[in-house]
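Listing of data-v2.pdb, PDB, C-alpha atoms and all ligand atoms
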ATOM      1  CA  MET E   1     -36.941 219.013  93.855
ATOM      2  CA  SER E   2     -39.345 220.433  91.392
ATOM      3  CA  ALA E   3     -43.091 220.280  91.087
ATOM      4  CA  THR E   4     -44.600 222.208  88.229
ATOM      5  CA  SER E   5     -47.104 221.531  85.513
ATOM      6  CA  ASP E   6     -45.796 221.298  81.981
ATOM      7  CA  GLN E   7     -46.976 224.495  80.407
ATOM      8  CA  PRO E   8     -44.255 225.834  78.156
ATOM      9  CA  VAL E   9     -45.719 229.127  77.073
ATOM     10  CA  LEU E  10     -43.486 231.365  74.994
ATOM     11  CA  PRO E  11     -43.057 234.233  75.260
ATOM     12  CA  GLU E  12     -44.068 234.960  78.813
ATOM     13  CA  PRO E  13     -43.072 237.653  81.286
ATOM     14  CA  PRO E  14     -40.483 236.586  83.840
ATOM     15  CA  ALA E  15     -42.168 235.268  86.966
ATOM     16  CA  PRO E  16     -40.819 236.201  90.377
ATOM     17  CA  PRO E  17     -38.674 233.282  91.564
ATOM     18  CA  ASP E  18     -40.282 230.856  93.990
ATOM     19  CA  PRO E  19     -37.465 229.632  96.262
ATOM     20  CA  THR E  20     -39.165 226.267  96.806
ATOM     21  CA  ASP E  21     -39.401 225.472  93.094
ATOM     22  CA  PRO E  22     -36.251 225.410  90.949
ATOM     23  CA  GLU E  23     -38.311 225.541  87.767
ATOM     24  CA  SER E  24     -39.836 228.884  88.684
ATOM     25  CA  ALA E  25     -36.424 230.580  88.735
ATOM     26  CA  ALA E  26     -35.500 232.391  85.566
ATOM     27  CA  ALA E  27     -32.929 230.358  83.658
ATOM     28  CA  PRO E  28     -29.826 232.458  83.033
ATOM     29  CA  ALA E  29     -28.781 232.830  79.418
ATOM     30  CA  ALA E  30     -25.603 230.926  78.776
ATOM     31  CA  ALA E  31     -23.423 229.366  76.153
ATOM     32  CA  SER E  32     -23.586 225.769  77.380
ATOM     33  CA  ALA E  33     -25.668 223.057  79.034
ATOM     34  CA  PRO E  34     -24.803 220.889  82.053
ATOM     35  CA  GLY E  35     -21.598 219.100  81.172
ATOM     36  CA  GLY E  36     -20.931 221.292  78.154
ATOM     37  CA  ASP E  37     -18.118 223.716  77.643
ATOM     38  CA  ALA E  38     -18.672 227.003  79.399
ATOM     39  CA  SER E  39     -17.262 229.070  76.584
ATOM     40  CA  GLY E  40     -18.044 232.757  76.418
ATOM     41  CA  ARG E  41     -18.367 235.206  79.220
ATOM     42  CA  ARG E  42     -21.717 234.111  80.585
ATOM     43  CA  ALA E  43     -22.104 231.697  83.478
ATOM     44  CA  PRO E  44     -22.736 228.079  82.453
ATOM     45  CA  ILE E  45     -26.273 226.741  82.714
ATOM     46  CA  ARG E  46     -26.749 224.755  85.890
ATOM     47  CA  SER E  47     -29.057 221.781  86.350
ATOM     48  CA  PHE E  48     -30.106 223.052  89.772
ATOM     49  CA  VAL E  49     -31.176 226.053  91.763
ATOM     50  CA  VAL E  50     -30.042 226.005  95.366
ATOM     51  CA  ARG E  51     -33.341 226.448  97.139
ATOM     52  CA  ALA E  52     -33.903 228.184 100.415
ATOM     53  CA  GLY E  53     -34.545 225.675 103.143
ATOM     54  CA  ARG E  54     -33.682 225.515 106.779
ATOM     55  CA  MET E  55     -31.880 222.612 108.333
ATOM     56  CA  GLY E  56     -33.716 221.030 111.240
ATOM     57  CA  PRO E  57     -31.919 220.660 114.580
ATOM     58  CA  GLY E  58     -31.054 216.989 113.867
ATOM     59  CA  GLN E  59     -29.583 217.916 110.498
ATOM     60  CA  GLN E  60     -27.603 220.784 112.041
ATOM     61  CA  ARG E  61     -26.209 218.515 114.736
ATOM     62  CA  ALA E  62     -25.269 215.862 112.168
ATOM     63  CA  ARG E  63     -23.608 218.527 110.016
ATOM     64  CA  ALA E  64     -21.516 219.773 112.958
ATOM     65  CA  GLU E  65     -20.600 216.332 114.296
ATOM     66  CA  LEU E  66     -20.251 214.239 111.131
ATOM     67  CA  GLY E  67     -19.578 216.847 108.427
ATOM     68  CA  PRO E  68     -15.830 217.036 109.064
ATOM     69  CA  ARG E  69     -15.457 213.287 108.471
ATOM     70  CA  PHE E  70     -18.045 212.591 105.795
ATOM     71  CA  VAL E  71     -18.279 215.786 103.694
ATOM     72  CA  LEU E  72     -15.370 216.407 101.349
ATOM     73  CA  PRO E  73     -14.702 219.923 100.104
ATOM     74  CA  PHE E  74     -14.707 220.405  96.354
ATOM     75  CA  ALA E  75     -11.152 220.035  95.026
ATOM     76  CA  PRO E  76      -9.708 220.780  91.583
ATOM     77  CA  GLU E  77      -8.072 217.327  91.465
ATOM     78  CA  PRO E  78      -9.147 213.836  92.513
ATOM     79  CA  PRO E  79      -8.431 213.104  96.153
ATOM     80  CA  ASP E  80      -6.867 209.759  97.060
ATOM     81  CA  TRP E  81     -10.239 208.010  97.307
ATOM     82  CA  ASP E  82      -8.680 204.827  98.710
ATOM     83  CA  ALA E  83      -7.275 206.911 101.554
ATOM     84  CA  VAL E  84     -10.610 208.723 102.003
ATOM     85  CA  PHE E  85     -12.473 205.420 102.463
ATOM     86  CA  GLY E  86      -9.572 203.631 104.135
ATOM     87  CA  ARG E  87      -9.746 200.770 101.645
ATOM     88  CA  ARG E  88      -9.971 199.968  97.926
ATOM     89  CA  ALA E  89     -13.502 198.944  96.951
ATOM     90  CA  PRO E  90     -15.738 199.415  93.909
ATOM     91  CA  ARG E  91     -17.031 202.979  93.979
ATOM     92  CA  VAL E  92     -20.431 204.319  92.963
ATOM     93  CA  LEU E  93     -21.269 208.000  92.501
ATOM     94  CA  GLU E  94     -24.780 209.369  92.891
ATOM     95  CA  ILE E  95     -25.854 212.704  91.420
ATOM     96  CA  GLY E  96     -28.582 214.581  93.291
ATOM     97  CA  PHE E  97     -29.453 212.354  96.258
ATOM     98  CA  GLY E  98     -32.105 214.790  97.521
ATOM     99  CA  MET E  99     -32.773 214.006 101.196
ATOM    100  CA  GLY E 100     -30.588 210.893 100.891
ATOM    101  CA  ASP E 101     -33.015 208.216 102.116
ATOM    102  CA  ALA E 102     -32.457 205.903  99.138
ATOM    103  CA  THR E 103     -28.711 206.593  99.183
ATOM    104  CA  ALA E 104     -28.397 205.577 102.826
ATOM    105  CA  GLN E 105     -30.474 202.442 102.220
ATOM    106  CA  VAL E 106     -28.315 201.355  99.291
ATOM    107  CA  ALA E 107     -25.051 202.052 101.125
ATOM    108  CA  ALA E 108     -26.317 200.015 104.099
ATOM    109  CA  ALA E 109     -27.375 197.144 101.812
ATOM    110  CA  MET E 110     -24.004 197.037 100.001
ATOM    111  CA  PRO E 111     -21.247 197.337 102.598
ATOM    112  CA  GLU E 112     -18.755 195.916 100.095
ATOM    113  CA  MET E 113     -19.122 199.038  97.909
ATOM    114  CA  ASP E 114     -18.191 202.668  98.561
ATOM    115  CA  PHE E 115     -20.557 205.526  97.672
ATOM    116  CA  ILE E 116     -19.954 209.169  96.814
ATOM    117  CA  GLY E 117     -23.131 211.234  97.061
ATOM    118  CA  VAL E 118     -23.172 214.616  95.347
ATOM    119  CA  GLU E 119     -25.871 217.156  96.208
ATOM    120  CA  VAL E 120     -26.135 220.933  96.385
ATOM    121  CA  HIS E 121     -29.177 221.218  98.683
ATOM    122  CA  PRO E 122     -27.876 221.934 102.219
ATOM    123  CA  PRO E 123     -30.786 220.350 104.148
ATOM    124  CA  GLY E 124     -30.356 217.228 101.987
ATOM    125  CA  VAL E 125     -26.716 217.007 103.030
ATOM    126  CA  GLY E 126     -27.743 217.407 106.675
ATOM    127  CA  SER E 127     -30.408 214.727 106.261
ATOM    128  CA  LEU E 128     -28.002 212.207 104.743
ATOM    129  CA  LEU E 129     -25.411 212.930 107.437
ATOM    130  CA  ARG E 130     -28.048 212.235 110.078
ATOM    131  CA  GLN E 131     -28.784 208.883 108.429
ATOM    132  CA  ILE E 132     -25.080 208.058 108.187
ATOM    133  CA  GLY E 133     -24.910 208.582 111.945
ATOM    134  CA  GLU E 134     -28.085 206.622 112.706
ATOM    135  CA  ARG E 135     -27.044 203.661 110.550
ATOM    136  CA  GLY E 136     -23.341 203.806 111.462
ATOM    137  CA  LEU E 137     -22.348 203.880 107.787
ATOM    138  CA  THR E 138     -18.649 204.074 106.907
ATOM    139  CA  ASN E 139     -18.862 203.479 103.132
ATOM    140  CA  LEU E 140     -20.426 206.816 102.131
ATOM    141  CA  ARG E 141     -18.976 210.289 101.568
ATOM    142  CA  ILE E 142     -20.653 213.491 100.428
ATOM    143  CA  VAL E 143     -19.516 216.301  98.165
ATOM    144  CA  GLN E 144     -21.768 219.378  98.392
ATOM    145  CA  HIS E 145     -21.099 220.851  94.974
ATOM    146  CA  ASP E 146     -22.219 220.844  91.341
ATOM    147  CA  ALA E 147     -21.875 217.225  90.215
ATOM    148  CA  VAL E 148     -20.712 218.306  86.763
ATOM    149  CA  GLU E 149     -17.631 219.923  88.287
ATOM    150  CA  VAL E 150     -17.151 217.056  90.716
ATOM    151  CA  LEU E 151     -17.110 214.559  87.848
ATOM    152  CA  ARG E 152     -14.810 216.696  85.795
ATOM    153  CA  HIS E 153     -12.256 217.428  88.517
ATOM    154  CA  MET E 154     -12.561 214.989  91.412
ATOM    155  CA  ILE E 155     -13.213 211.731  89.583
ATOM    156  CA  ALA E 156     -10.472 210.152  87.487
ATOM    157  CA  PRO E 157     -11.301 208.572  84.113
ATOM    158  CA  ALA E 158     -12.283 204.883  84.265
ATOM    159  CA  SER E 159     -12.526 204.847  88.061
ATOM    160  CA  LEU E 160     -16.217 204.301  88.928
ATOM    161  CA  ALA E 161     -18.045 200.980  89.109
ATOM    162  CA  GLY E 162     -21.346 202.778  88.839
ATOM    163  CA  VAL E 163     -23.215 206.050  88.573
ATOM    164  CA  GLN E 164     -26.793 206.547  89.726
ATOM    165  CA  VAL E 165     -28.940 209.475  88.645
ATOM    166  CA  TRP E 166     -32.336 208.879  90.185
ATOM    167  CA  PHE E 167     -35.152 211.277  89.386
ATOM    168  CA  PRO E 168     -33.078 214.256  88.257
ATOM    169  CA  ASP E 169     -35.050 217.496  88.039
ATOM    170  CA  PRO E 170     -37.241 217.077  84.924
ATOM    171  CA  TRP E 171     -37.263 220.782  84.055
ATOM    172  CA  HIS E 172     -40.674 220.514  82.426
ATOM    173  CA  LYS E 173     -40.806 223.816  80.596
ATOM    174  CA  LYS E 174     -39.343 223.861  77.124
ATOM    175  CA  ARG E 175     -37.226 226.912  77.774
ATOM    176  CA  HIS E 176     -35.637 225.065  80.715
ATOM    177  CA  HIS E 177     -34.829 221.812  78.884
ATOM    178  CA  LYS E 178     -31.245 222.989  78.503
ATOM    179  CA  ARG E 179     -30.922 222.598  82.274
ATOM    180  CA  ARG E 180     -31.622 218.865  82.186
ATOM    181  CA  LEU E 181     -28.666 216.811  83.369
ATOM    182  CA  ILE E 182     -28.934 213.985  80.885
ATOM    183  CA  GLN E 183     -27.566 215.616  77.757
ATOM    184  CA  PRO E 184     -24.837 214.437  75.382
ATOM    185  CA  ALA E 185     -21.918 216.325  76.950
ATOM    186  CA  LEU E 186     -22.646 215.182  80.500
ATOM    187  CA  VAL E 187     -23.314 211.610  79.413
ATOM    188  CA  ALA E 188     -19.963 211.521  77.584
ATOM    189  CA  LEU E 189     -18.297 212.772  80.782
ATOM    190  CA  LEU E 190     -20.158 210.186  82.888
ATOM    191  CA  ALA E 191     -19.261 207.360  80.524
ATOM    192  CA  SER E 192     -15.584 208.354  80.591
ATOM    193  CA  ARG E 193     -15.570 208.041  84.413
ATOM    194  CA  LEU E 194     -16.918 204.463  84.401
ATOM    195  CA  VAL E 195     -14.634 201.462  84.307
ATOM    196  CA  PRO E 196     -15.305 199.155  81.332
ATOM    197  CA  GLY E 197     -18.386 197.186  82.394
ATOM    198  CA  GLY E 198     -19.341 199.933  84.877
ATOM    199  CA  ARG E 199     -23.059 200.683  85.152
ATOM    200  CA  LEU E 200     -24.971 203.911  84.583
ATOM    201  CA  HIS E 201     -28.443 203.761  86.121
ATOM    202  CA  CYS E 202     -30.912 206.595  85.483
ATOM    203  CA  ALA E 203     -34.550 206.755  86.510
ATOM    204  CA  THR E 204     -37.297 209.290  85.948
ATOM    205  CA  ASP E 205     -41.039 209.621  86.385
ATOM    206  CA  TRP E 206     -41.397 212.063  83.476
ATOM    207  CA  GLN E 207     -41.960 210.285  80.168
ATOM    208  CA  PRO E 208     -40.607 213.005  77.845
ATOM    209  CA  TYR E 209     -37.409 213.060  79.913
ATOM    210  CA  ALA E 210     -37.250 209.246  79.814
ATOM    211  CA  GLU E 211     -37.407 209.439  76.018
ATOM    212  CA  GLN E 212     -34.631 212.044  75.995
ATOM    213  CA  MET E 213     -32.543 209.855  78.313
ATOM    214  CA  LEU E 214     -32.987 206.820  76.088
ATOM    215  CA  ALA E 215     -32.011 208.740  72.961
ATOM    216  CA  VAL E 216     -28.986 210.420  74.551
ATOM    217  CA  LEU E 217     -27.665 207.294  76.297
ATOM    218  CA  ALA E 218     -28.130 205.149  73.177
ATOM    219  CA  ALA E 219     -26.195 207.696  71.105
ATOM    220  CA  GLU E 220     -23.150 207.667  73.429
ATOM    221  CA  PRO E 221     -20.529 205.426  71.745
ATOM    222  CA  LEU E 222     -18.954 204.326  75.047
ATOM    223  CA  LEU E 223     -22.252 202.955  76.383
ATOM    224  CA  ALA E 224     -24.370 199.902  75.623
ATOM    225  CA  ASN E 225     -27.938 199.334  76.792
ATOM    226  CA  THR E 226     -28.384 196.268  79.015
ATOM    227  CA  VAL E 227     -31.859 195.711  77.571
ATOM    228  CA  GLN E 228     -33.814 196.698  74.473
ATOM    229  CA  ALA E 229     -35.116 200.037  75.781
ATOM    230  CA  TYR E 230     -36.250 200.657  79.380
ATOM    231  CA  ALA E 231     -35.050 198.282  82.085
ATOM    232  CA  PRO E 232     -37.246 196.556  84.636
ATOM    233  CA  ARG E 233     -36.860 198.314  87.956
ATOM    234  CA  PRO E 234     -33.651 196.907  89.471
ATOM    235  CA  ALA E 235     -34.249 195.368  92.908
ATOM    236  CA  SER E 236     -31.265 197.382  94.116
ATOM    237  CA  ARG E 237     -33.060 200.721  93.701
ATOM    238  CA  PRO E 238     -35.196 201.643  96.713
ATOM    239  CA  LEU E 239     -38.252 203.851  96.378
ATOM    240  CA  THR E 240     -36.939 207.408  96.437
ATOM    241  CA  LYS E 241     -38.705 210.388  97.929
ATOM    242  CA  PHE E 242     -39.197 212.035  94.563
ATOM    243  CA  GLU E 243     -40.447 208.781  93.064
ATOM    244  CA  ALA E 244     -43.017 208.448  95.857
ATOM    245  CA  ARG E 245     -44.231 211.946  95.063
ATOM    246  CA  GLY E 246     -44.557 210.952  91.394
ATOM    247  CA  GLN E 247     -46.548 207.880  92.410
ATOM    248  CA  ARG E 248     -48.972 210.071  94.347
ATOM    249  CA  LEU E 249     -49.437 212.114  91.179
ATOM    250  CA  GLY E 250     -50.068 208.954  89.136
ATOM    251  CA  HIS E 251     -46.794 209.130  87.198
ATOM    252  CA  GLY E 252     -45.107 206.093  85.664
ATOM    253  CA  VAL E 253     -41.418 205.258  86.246
ATOM    254  CA  TRP E 254     -38.732 204.534  83.677
ATOM    255  CA  ASP E 255     -35.384 202.947  84.590
ATOM    256  CA  LEU E 256     -32.455 202.985  82.165
ATOM    257  CA  VAL E 257     -29.424 200.780  82.795
ATOM    258  CA  PHE E 258     -26.445 201.101  80.479
ATOM    259  CA  VAL E 259     -22.895 199.754  80.825
ATOM    260  CA  ARG E 260     -19.605 201.076  79.572
ATOM    261  CA  ARG E 261     -18.413 198.977  76.673
ATOM    262  CA  PRO E 262     -15.163 197.021  77.108
ATOM    263  CA  ASP E 263     -12.094 198.856  75.750
TER
HETATM  264  C1  LIG E 301     -35.768 215.948  91.788
HETATM  265  S1  LIG E 301     -34.586 215.830  93.034
HETATM  266  C2  LIG E 301     -34.438 214.046  93.267
HETATM  267  C3  LIG E 301     -33.783 213.681  94.560
HETATM  268  C4  LIG E 301     -33.646 212.190  94.818
HETATM  269  N1  LIG E 301     -32.751 211.553  93.861
HETATM  270  C5  LIG E 301     -34.987 211.503  94.838
HETATM  271  O1  LIG E 301     -35.271 210.716  93.904
HETATM  272  O2  LIG E 301     -35.749 211.737  95.782
HETATM  273  C6  LIG E 301     -33.074 216.209  92.163
HETATM  274  C7  LIG E 301     -31.945 216.609  93.087
HETATM  275  O3  LIG E 301     -30.767 216.770  92.294
HETATM  276  C8  LIG E 301     -30.015 217.848  92.820
HETATM  277  N2  LIG E 301     -29.149 218.318  91.730
HETATM  278  C9  LIG E 301     -29.540 218.779  90.521
HETATM  279  N3  LIG E 301     -28.483 219.085  89.767
HETATM  280  C10 LIG E 301     -27.384 218.817  90.509
HETATM  281  C11 LIG E 301     -25.995 218.955  90.259
HETATM  282  N4  LIG E 301     -25.522 219.411  89.090
HETATM  283  N5  LIG E 301     -25.153 218.619  91.254
HETATM  284  C12 LIG E 301     -25.617 218.142  92.424
HETATM  285  N6  LIG E 301     -26.931 217.991  92.721
HETATM  286  C13 LIG E 301     -27.808 218.330  91.768
HETATM  287  C14 LIG E 301     -31.060 218.841  93.291
HETATM  288  O4  LIG E 301     -30.559 219.702  94.292
HETATM  289  C15 LIG E 301     -32.165 217.927  93.827
HETATM  290  O5  LIG E 301     -32.031 217.696  95.202
END

Starting from the coordinates I provided, produce the structure as structure tokens.
Ligand SMILES: C[S@@+](CC[C@H](N)C(=O)[O-])C[C@H]1O[C@@H](n2cnc3c(N)ncnc32)[C@H](O)[C@@H]1O
Amino acid sequence: MSATSDQPVLPEPPAPPDPTDPESAAAPAAASAPGGDASGRRAPIRSFVVRAGRMGPGQQRARAELGPRFVLPFAPEPPDWDAVFGRRAPRVLEIGFGMGDATAQVAAAMPEMDFIGVEVHPPGVGSLLRQIGERGLTNLRIVQHDAVEVLRHMIAPASLAGVQVWFPDPWHKKRHHKRRLIQPALVALLASRLVPGGRLHCATDWQPYAEQMLAVLAAEPLLANTVQAYAPRPASRPLTKFEARGQRLGHGVWDLVFVRRPD
């Protein structure tokens, strides 16, 4: 989770990376953006930096006890998700659940749906596992991996009832904008994974990113906006940790709810 002021100053000398702030890490040069083709020899640009952070004892215990059942290893092909969940139910994927509080709340409120949470931050995975244990959830699984690769390899086309991307890292600095998740290539990939009528719900507290989201989502031919521009906050979205931080800083919030057009 990032917390920097928006001061895109170019050129500037490389700052030493701050492990608690993904936006302070030097962005590697690369030939693509999240969701784009990683052509060329350089590593693809990632939308995240895996930050240092220790798991607390409760998170470690949850990881050891519940990890084997609830955390799926990355796989190059889709697993049999019906077998994973032990039933066939509408499935929702969340990118970047952070510490997982909102994810656990939504999964508890919608037992008729199954949820796949994707996150790269190890303490976040431990935190969500702890909440799975505390709430006795059975309709939630975690993949600890880059969501772009998870979508590409582990999720079949036209298989998701919904995707939620709540408060993705805003990557304030101009030279880091290429790291933002919501870009044309990733949105095309996301849209292809939704069933017709499936819902893509994004939210951000950073207005320039909201404007980028609106432009990119509106330009994706497979998607249609459910409203004119920004959606009223859906009752189904709990306050997230990152959103609460934005509120303390006096930020606004923008929700965007699009659906995949019928075939
Ligand atoms: C700003 S935080 C928001 C967390 C949470 N959704 C909230 O609102 O509190 C964004 C999260 O997305 C995760 N993330 C960013 N890119 C990702 C990717 N490609 N795959 C998986 N997780 C990612 C980061 O590790 C971080 O925890």

- request: Please give me, as a list in words, the residues lying within 6 Å of ligand LIG 301 (chain E) when counting all atoms listed in the file.
  value: Met1, Ser2, Ser47, Phe48, Ile95, Gly96, Phe97, Gly98, Val118, Glu119, Val120, His121, His145, Asp146, Ala147, Val148, Trp166, Phe167, Pro168, Asp169, Thr240, Lys241, Phe242 and Glu243 of chain E

task: Considering all atoms listed in the file, state which residue in the set E:Val150, E:Pro208, E:Pro111, E:Leu137 is at the smallest distance from Pro170 in chain E.
output: E:Pro208

- prompt: How would you write, as a count of residues only, the residues chosen by the PyMOL selection byres (((chain E and resi 221-229) around 6) and not hetatm) on this structure?
  reply: 7

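Atom to atom, CA of Arg61 in chain E and CA of Gln164 in chain E stand 27.7 Å apart.
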
message: Which residue is closest to Gln144 in chain E? Choose from E:Val71, E:Leu93, E:Ile182, E:Leu249 and count all atoms listed in the file.
response: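 Answer, going by the shortest atom-to-atom distance: E:Val71.
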
message: Taking 2 positions as the minimum chain separation for residues in the same chain, which residues sit within 8 Å of Leu129 in chain E when counting only C-alpha atoms? Answer as a list in words.
response: Gln59, Ala62, Arg63, Leu66, Gly67, Phe70, Val125, Gly126, Ser127, Gln131, Ile132 and Gly133 of chain E

Save the residues we just selected, C-alpha atoms, as a PDB file, keeping the file's coordinate frame?
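Printed below is result-v5.pdb as written:
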ATOM      1  CA  GLN E  59     -29.583 217.916 110.498  1.00  0.00           C
ATOM      2  CA  ALA E  62     -25.269 215.862 112.168  1.00  0.00           C
ATOM      3  CA  ARG E  63     -23.608 218.527 110.016  1.00  0.00           C
ATOM      4  CA  LEU E  66     -20.251 214.239 111.131  1.00  0.00           C
ATOM      5  CA  GLY E  67     -19.578 216.847 108.427  1.00  0.00           C
ATOM      6  CA  PHE E  70     -18.045 212.591 105.795  1.00  0.00           C
ATOM      7  CA  VAL E 125     -26.716 217.007 103.030  1.00  0.00           C
ATOM      8  CA  GLY E 126     -27.743 217.407 106.675  1.00  0.00           C
ATOM      9  CA  SER E 127     -30.408 214.727 106.261  1.00  0.00           C
ATOM     10  CA  GLN E 131     -28.784 208.883 108.429  1.00  0.00           C
ATOM     11  CA  ILE E 132     -25.080 208.058 108.187  1.00  0.00           C
ATOM     12  CA  GLY E 133     -24.910 208.582 111.945  1.00  0.00           C
TER      13      GLY E 133
END

query: Do you know which residues the PyMOL selection byres (((chain E and resi 156-161) around 12) and not hetatm) returns on this file, as a PyMOL selection string?
result: chain E and resi 76-82+88-94+113-116+150-155+162-164+188-201+222+259-263

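Across the structure, CA of Ala219 in chain E and CA of Ala185 in chain E are spaced 11.3 Å apart.
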
message: Assuming the chain letters and numbering stay as they are in my file, what does the PyMOL selection byres (((chain E and resi 206) around 10) and not hetatm) actually select? List them as a VMD selection string.
response: chain E and resid 167 to 172 203 to 205 207 to 211 246 251 to 254

- prompt: CA of Gln105 in chain E to CA of Arg237 in chain E: how many Å, to one decimal?
  reply: 9.1 Å

Edge lengths and centre in Å to one decimal, as AutoDock Vina command-line options, is what I'm after for the box along x, y and z that holds all listed atoms of range 246-250 of chain E once 4 Å is added on each side.
--center_x -47.3 --center_y 210.0 --center_z 91.7 --size_x 13.5 --size_y 12.2 --size_z 13.2

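Candidate residues E:Ala43, E:Leu256, E:Ala75, E:Ala64 were compared for distance to Glu149 in chain E, and the nearest is E:Ala75, using all atoms listed in the file.
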
- prompt: Leaving out Pro34 in chain E and any residue of its chain fewer than 4 positions from it, which residues lie within 7 Å of it when counting all atoms listed in the file, given as a list in words?
  reply: Ile45, Arg46, Ser47, Val148, Arg179, Leu181 and Leu186 of chain E
